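Everything on this sheet refers to the single structure shown next.
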Amino acid sequence: RASSVIEEIPFLNQFLNSLYKCDYHGFFPALQGIMAKSDVTDICTDMRHSSSVKFVLWCIRNFLESYLSVTLQSMANAFGVGIDFIDSDLSRFISTGRLNCKIDKVRGIIETKVVDDKK
């Protein structure tokens, strides 16, 4: 009876629908709402943060999968955030090897790197 429970948890419906429909603009407010409403102890705080980072990373990868290159502005508009936020998040994920792309700040674009799994 997931459909009956989904309405009981604030932001859950919006969160799941934004993931399903690739509505990145609706994703961040829903994720923030769920995280703010989560009734967790300090012990679970790290796990909650880790989960939210994984959801953000999944959405970014899903968005970038469709492009060889995309402007920072276009991605910021799609996610409903500023260019600085996108730049900061992408830089963090790129530097830790979690995203396979690069940012060209001069041209204001993100270039994805195609990975050849055949090697």
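Residues are referred to by chain and number: the chain letter is A, B, ... according to the order shown in the structure tokens, the number counts from 1 in that chain, and ligands are numbered separately from 1 in the order shown.
Taking chain A and asking which residues DSSP calls strand (DSSP E or B) on the backbone, you get Ser69, Val70, Thr71, Cys101, Lys102, Ile103, Asp104, Ile109, Ile110, Glu111 and Thr112 of chain A.
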Give me, as a ChimeraX atom specification, all polymer residues having an atom no more than 12 Å from range 94-99 of chain A, counting only C-alpha atoms and skipping those fewer than 2 positions away in the same chain.
/A:53-54,56-65,86-92,101-103,110-115
Using only C-alpha atoms, which protein or nucleic acid residues come within 12 Å of Asp84 in chain A? Drop anything in the same chain fewer than 6 positions from it, and give the result as JSON, numbers by chain.
{"A": [72, 73, 75, 76, 77, 90, 91, 105, 108]}
Write the residues of the selection above to a file with N, CA and C atoms, as a PDB file, in the first residue's frame.
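What follows is the written file result.pdb:
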```pdb
ATOM      1  N   LEU A  72      26.693  25.629 -18.197  1.00  0.00           N
ATOM      2  CA  LEU A  72      26.431  25.720 -16.762  1.00  0.00           C
ATOM      3  C   LEU A  72      25.078  26.383 -16.512  1.00  0.00           C
ATOM      4  N   GLN A  73      24.770  27.398 -17.303  1.00  0.00           N
ATOM      5  CA  GLN A  73      23.504  28.113 -17.148  1.00  0.00           C
ATOM      6  C   GLN A  73      22.315  27.203 -17.417  1.00  0.00           C
ATOM      7  N   MET A  75      22.168  23.925 -17.134  1.00  0.00           N
ATOM      8  CA  MET A  75      22.030  22.961 -16.045  1.00  0.00           C
ATOM      9  C   MET A  75      21.495  23.639 -14.786  1.00  0.00           C
ATOM     10  N   ALA A  76      21.979  24.828 -14.500  1.00  0.00           N
ATOM     11  CA  ALA A  76      21.482  25.568 -13.337  1.00  0.00           C
ATOM     12  C   ALA A  76      19.990  25.836 -13.477  1.00  0.00           C
ATOM     13  N   ASN A  77      19.555  26.223 -14.671  1.00  0.00           N
ATOM     14  CA  ASN A  77      18.121  26.455 -14.905  1.00  0.00           C
ATOM     15  C   ASN A  77      17.312  25.180 -14.718  1.00  0.00           C
ATOM     16  N   LEU A  90      29.488  20.122  -8.867  1.00  0.00           N
ATOM     17  CA  LEU A  90      30.188  19.362  -9.899  1.00  0.00           C
ATOM     18  C   LEU A  90      31.674  19.263  -9.590  1.00  0.00           C
ATOM     19  N   SER A  91      32.283  20.368  -9.184  1.00  0.00           N
ATOM     20  CA  SER A  91      33.719  20.372  -8.867  1.00  0.00           C
ATOM     21  C   SER A  91      34.042  19.372  -7.767  1.00  0.00           C
ATOM     22  N   LYS A 105      35.343  26.756 -17.472  1.00  0.00           N
ATOM     23  CA  LYS A 105      34.801  27.995 -16.892  1.00  0.00           C
ATOM     24  C   LYS A 105      34.836  29.155 -17.876  1.00  0.00           C
ATOM     25  N   GLY A 108      32.000  28.458 -20.073  1.00  0.00           N
ATOM     26  CA  GLY A 108      30.795  28.229 -19.281  1.00  0.00           C
ATOM     27  C   GLY A 108      30.077  26.935 -19.627  1.00  0.00           C
TER      28      GLY A 108
END
```
Could the residues of range 68-100 of chain A that have an atom at most 6 Å from range 15-37 of chain A be listed as CSV, each with its closest atom pair and the distance in Å to one decimal, counting only C-alpha atoms and ordered by chain and ascending residue number?
```
residue,atom,partner,partner_atom,distance
A:Ala78,CA,A:His25,CA,5.6
A:Phe79,CA,A:His25,CA,4.2
A:Gly80,CA,A:His25,CA,4.8
```
